[in-house]
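One structure is given below, encoded as structure tokens.
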Amino acid sequence: MKDWTKLAIFAGIFLLLYFLPFEGVNLQRAIIEAFLMLQEYAREHVLFCLVPAFFIAGAISIFISKEAVIKYFGARANKILAYGVASISGSILAVCSCTVLPMFAGIYTRGAGIGPATAFLYAGPAINVLAIILTARVLGPELGIARAAGAIVFSIIIGLLMSFFFKDKGMSDGELVNPEPAGQRSRSLGQNVLYFLVLVFILIFAAWARPEEAVGWWNAVYNVHWYLTGVMLIVLLIMLFVWFRKDEIGEWVLSTWIFAKQILPLLFAGVLIAGFLLGRPNTDAGIIPSRIVATLVGGNSIGANLFASIAGAFMYFATLTEVPILQGLLGSGMGKGPALALLLAGPALSLPNMLVIRSVMGTRKTFTFVILVVMLSTLVGWLYGFLF
């Protein structure tokens, strides 16, 4: 960082400390809300969502060869296979916009093309089977169907556009600078598949949440999800003891730590800022009153849909929380078009999410990705509101 940049940061912090009216009740409440949101995030998401996701990302980085990633997700891979797998990933991983980040970083740094990688990045939190079912049940079947179809199509369009804009030529196996030697790992393909399945099941069961509205099979699994998580952890320990060498486990842990130290500080900073601006869901404790948001998303104008997309992009939604929030906003006069726009932009993006994406793929690509999500959400929301 250059000296003038540091000076500007120091000057900005000084001016904020000098002029901010800390004695004001609203400001005090917003500051407290920021830390309450961070505490809630740490309690509900770090251990049960992010930690398993970091270990999956570390495993991808160590145990999946670059050749394999390039073959199936590289820019020169079969487009139907690459985008098909990426676009349906959310039906398996019921994760939020932050939990998907370590896995995205893992496949992107291993050589995945920008197109399939960003398709996965969008689809991971956006195409969540339970969230779609809950949307249809609580907000209406039309909105649920529109959300599912929009998210699947969006992931493919966004991936293709990102690949086109940045001329992602990718790598082929022959272009790898340091190709991994054959036979480096001692496990069979089947053993590696089972190992990754167990890691994914640990993430799914540990992050399993009870929805606001009862869904029979989901609640049945919720009642035993800790037992299922424990069983998967025991299976994982057995696999590590039988199939893995000590040095491999050490490399896995180190890779996991590298992802964690890169991502967690940015996530925590983003959660603090989001909590300060908008507060936790349904608290109206942020510096921006929720009534202003509700007023700006009424009707079905382009402006209302654009504002809903932008607001959704910067807000943080834990898995499933967007449904009760939208239920309240619709009751306050929010239009159906802006509701869909928020559903398409909100779960896939958040301020913490943007900060981390920028650290992985740079400012230009992150800005383009965010703009594509916001613009497509605005357009589809407006069309949906116009038709329905």
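Residue names in the structure tokens use chain letters A, B, ... in the order shown, residue numbers from 1 in each chain, and ligand numbers from 1 in the order shown.
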- Shell of 9 Å around segment 101-112 of chain A, only C-alpha atoms, local chain residues under 2 positions omitted, as a VMD selection string: chain A and resid 50 53 to 61 64 to 67 69 to 75 97 to 99 114 to 118 120 to 121 170 to 171 259 to 260 263 353 356 to 357 360 to 361
Any chance you can output those residues with N, CA and C atoms as a short mmCIF file (atom, residue, chain, number, x, y, z; two decimals), in the first residue's frame?
```cif
data_model
loop_
_atom_site.label_atom_id
_atom_site.label_comp_id
_atom_site.auth_asym_id
_atom_site.auth_seq_id
_atom_site.Cartn_x
_atom_site.Cartn_y
_atom_site.Cartn_z
N LEU A 50 -19.02 -22.08 7.90
CA LEU A 50 -17.75 -21.67 7.31
C LEU A 50 -16.62 -22.65 7.56
N ALA A 53 -16.85 -25.48 5.28
CA ALA A 53 -16.57 -25.00 3.93
C ALA A 53 -15.07 -24.74 3.72
N PHE A 54 -14.39 -24.23 4.74
CA PHE A 54 -12.95 -24.02 4.63
C PHE A 54 -12.22 -25.35 4.43
N PHE A 55 -12.65 -26.38 5.17
CA PHE A 55 -11.99 -27.68 5.02
C PHE A 55 -12.25 -28.28 3.64
N ILE A 56 -13.46 -28.04 3.09
CA ILE A 56 -13.72 -28.50 1.72
C ILE A 56 -12.83 -27.77 0.74
N ALA A 57 -12.70 -26.44 0.92
CA ALA A 57 -11.84 -25.67 0.04
C ALA A 57 -10.39 -26.13 0.13
N GLY A 58 -9.93 -26.40 1.35
CA GLY A 58 -8.57 -26.91 1.53
C GLY A 58 -8.37 -28.25 0.86
N ALA A 59 -9.40 -29.11 0.95
CA ALA A 59 -9.32 -30.43 0.31
C ALA A 59 -9.29 -30.30 -1.20
N ILE A 60 -10.09 -29.38 -1.75
CA ILE A 60 -10.07 -29.15 -3.19
C ILE A 60 -8.67 -28.72 -3.63
N SER A 61 -8.07 -27.83 -2.85
CA SER A 61 -6.76 -27.29 -3.20
C SER A 61 -5.66 -28.35 -3.16
N ILE A 64 -7.53 -32.44 -5.16
CA ILE A 64 -8.04 -32.48 -6.52
C ILE A 64 -6.99 -31.86 -7.43
N SER A 65 -6.56 -32.58 -8.41
CA SER A 65 -5.48 -32.10 -9.27
C SER A 65 -5.97 -30.96 -10.15
N LYS A 66 -5.04 -30.11 -10.54
CA LYS A 66 -5.38 -29.03 -11.46
C LYS A 66 -5.89 -29.59 -12.78
N GLU A 67 -5.32 -30.72 -13.19
CA GLU A 67 -5.76 -31.33 -14.44
C GLU A 67 -7.26 -31.65 -14.40
N VAL A 69 -9.62 -30.27 -12.44
CA VAL A 69 -10.43 -29.05 -12.41
C VAL A 69 -10.51 -28.44 -13.80
N ILE A 70 -9.35 -28.38 -14.49
CA ILE A 70 -9.32 -27.80 -15.83
C ILE A 70 -10.13 -28.64 -16.81
N LYS A 71 -10.08 -29.96 -16.63
CA LYS A 71 -10.80 -30.85 -17.55
C LYS A 71 -12.31 -30.64 -17.46
N TYR A 72 -12.84 -30.47 -16.23
CA TYR A 72 -14.29 -30.40 -16.05
C TYR A 72 -14.84 -28.99 -15.87
N PHE A 73 -14.00 -28.05 -15.41
CA PHE A 73 -14.48 -26.69 -15.16
C PHE A 73 -13.66 -25.63 -15.86
N GLY A 74 -12.64 -26.02 -16.59
CA GLY A 74 -11.81 -25.05 -17.27
C GLY A 74 -12.54 -24.36 -18.41
N ALA A 75 -11.93 -23.29 -18.91
CA ALA A 75 -12.55 -22.52 -19.99
C ALA A 75 -12.73 -23.35 -21.25
N SER A 97 -24.44 -16.82 0.92
CA SER A 97 -23.50 -16.17 0.01
C SER A 97 -22.07 -16.15 0.55
N CYS A 98 -21.91 -16.29 1.85
CA CYS A 98 -20.56 -16.28 2.43
C CYS A 98 -19.98 -17.68 2.53
N THR A 99 -20.82 -18.68 2.84
CA THR A 99 -20.32 -20.04 2.99
C THR A 99 -19.80 -20.60 1.67
N ILE A 114 -13.24 -18.71 -15.49
CA ILE A 114 -14.01 -17.67 -14.82
C ILE A 114 -15.51 -17.89 -15.02
N GLY A 115 -15.90 -18.44 -16.17
CA GLY A 115 -17.32 -18.68 -16.44
C GLY A 115 -17.93 -19.72 -15.53
N PRO A 116 -17.44 -20.98 -15.55
CA PRO A 116 -17.99 -21.99 -14.64
C PRO A 116 -17.82 -21.63 -13.17
N ALA A 117 -16.70 -20.97 -12.82
CA ALA A 117 -16.48 -20.61 -11.42
C ALA A 117 -17.52 -19.60 -10.93
N THR A 118 -17.82 -18.58 -11.74
CA THR A 118 -18.82 -17.60 -11.31
C THR A 118 -20.24 -18.15 -11.42
N PHE A 120 -20.94 -21.20 -10.57
CA PHE A 120 -21.02 -21.89 -9.27
C PHE A 120 -21.19 -20.89 -8.14
N LEU A 121 -20.46 -19.78 -8.21
CA LEU A 121 -20.53 -18.76 -7.17
C LEU A 121 -21.94 -18.21 -7.02
N GLY A 170 -8.32 -19.84 -20.44
CA GLY A 170 -8.01 -20.96 -19.56
C GLY A 170 -6.69 -21.64 -19.89
N MET A 171 -6.53 -22.85 -19.31
CA MET A 171 -5.32 -23.62 -19.53
C MET A 171 -5.71 -25.02 -19.98
N PHE A 259 -6.93 -20.41 3.42
CA PHE A 259 -8.23 -19.88 2.99
C PHE A 259 -8.90 -19.11 4.13
N ALA A 260 -8.83 -19.64 5.34
CA ALA A 260 -9.50 -19.01 6.48
C ALA A 260 -8.92 -17.62 6.76
N ILE A 263 -10.03 -15.09 4.04
CA ILE A 263 -11.45 -14.77 3.89
C ILE A 263 -12.08 -14.21 5.16
N ASN A 353 -19.60 -10.76 1.12
CA ASN A 353 -19.33 -11.61 -0.03
C ASN A 353 -18.52 -10.86 -1.10
N VAL A 356 -14.76 -10.39 -0.25
CA VAL A 356 -13.95 -11.60 -0.41
C VAL A 356 -13.75 -11.94 -1.89
N ILE A 357 -14.83 -11.81 -2.69
CA ILE A 357 -14.70 -12.10 -4.12
C ILE A 357 -13.62 -11.23 -4.74
N VAL A 360 -10.23 -12.52 -4.32
CA VAL A 360 -9.94 -13.75 -5.07
C VAL A 360 -9.73 -13.47 -6.55
N MET A 361 -10.62 -12.67 -7.16
CA MET A 361 -10.51 -12.50 -8.62
C MET A 361 -10.36 -11.05 -9.07
#
```
- Message: Could you list, as a PyMOL selection string, every residue within 10 Å of segment 139-142 of chain A, counting only C-alpha atoms and ignoring same-chain residues fewer than 4 positions away?
- Response: chain A and resi 132-135+146-147+323-324+326-327+330+336+339+384+388
- Find the residues near Ser301 of chain A: any atom within 12 Å, counting only C-alpha atoms, skip ones fewer than 6 places away on the same chain, and give them as a count of residues only. 16
- Might you pull out every residue within 10 Å of Thr368 of chain A, with only C-alpha atoms counted and same-chain residues fewer than 6 positions away left off, and present them as a PyMOL selection string? chain A and resi 158+161-162+165-166+374
Selection to disk with N, CA and C atoms, as a PDB file, in the first residue's frame:
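Okay, selection-v6.pdb is ready:
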```pdb
ATOM      1  N   ILE A 158     -24.764 -15.528 -16.482  1.00  0.00           N
ATOM      2  CA  ILE A 158     -23.691 -14.767 -15.825  1.00  0.00           C
ATOM      3  C   ILE A 158     -22.339 -15.417 -16.101  1.00  0.00           C
ATOM      4  N   LEU A 161     -21.371 -14.755 -19.769  1.00  0.00           N
ATOM      5  CA  LEU A 161     -20.999 -13.359 -19.979  1.00  0.00           C
ATOM      6  C   LEU A 161     -19.650 -13.033 -19.349  1.00  0.00           C
ATOM      7  N   MET A 162     -19.391 -13.561 -18.150  1.00  0.00           N
ATOM      8  CA  MET A 162     -18.087 -13.331 -17.519  1.00  0.00           C
ATOM      9  C   MET A 162     -16.973 -13.922 -18.363  1.00  0.00           C
ATOM     10  N   PHE A 165     -16.629 -11.539 -21.459  1.00  0.00           N
ATOM     11  CA  PHE A 165     -16.046 -10.229 -21.173  1.00  0.00           C
ATOM     12  C   PHE A 165     -14.548 -10.303 -20.903  1.00  0.00           C
ATOM     13  N   PHE A 166     -14.139 -11.366 -20.224  1.00  0.00           N
ATOM     14  CA  PHE A 166     -12.731 -11.432 -19.818  1.00  0.00           C
ATOM     15  C   PHE A 166     -11.919 -12.404 -20.660  1.00  0.00           C
ATOM     16  N   VAL A 374     -27.100  -7.594 -10.488  1.00  0.00           N
ATOM     17  CA  VAL A 374     -28.060  -6.520 -10.206  1.00  0.00           C
ATOM     18  C   VAL A 374     -28.899  -6.196 -11.442  1.00  0.00           C
TER      19      VAL A 374
END
```
- Task: Measure the distance from atom CA of Ser155 of chain A to atom CA of Lys167 of chain A in Å and round it to one decimal.
- Result: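 About the pair atom CA of Ser155 of chain A and atom CA of Lys167 of chain A: they are 17.9 Å apart.
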- Task: Go through A:Ile156, A:Leu351, A:Ile258, A:Leu233 and flag the residue nearest Val198 of chain A, using only C-alpha atoms for the distances.
- Result: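 Result for the nearest residue to Val198 of chain A: A:Leu233.
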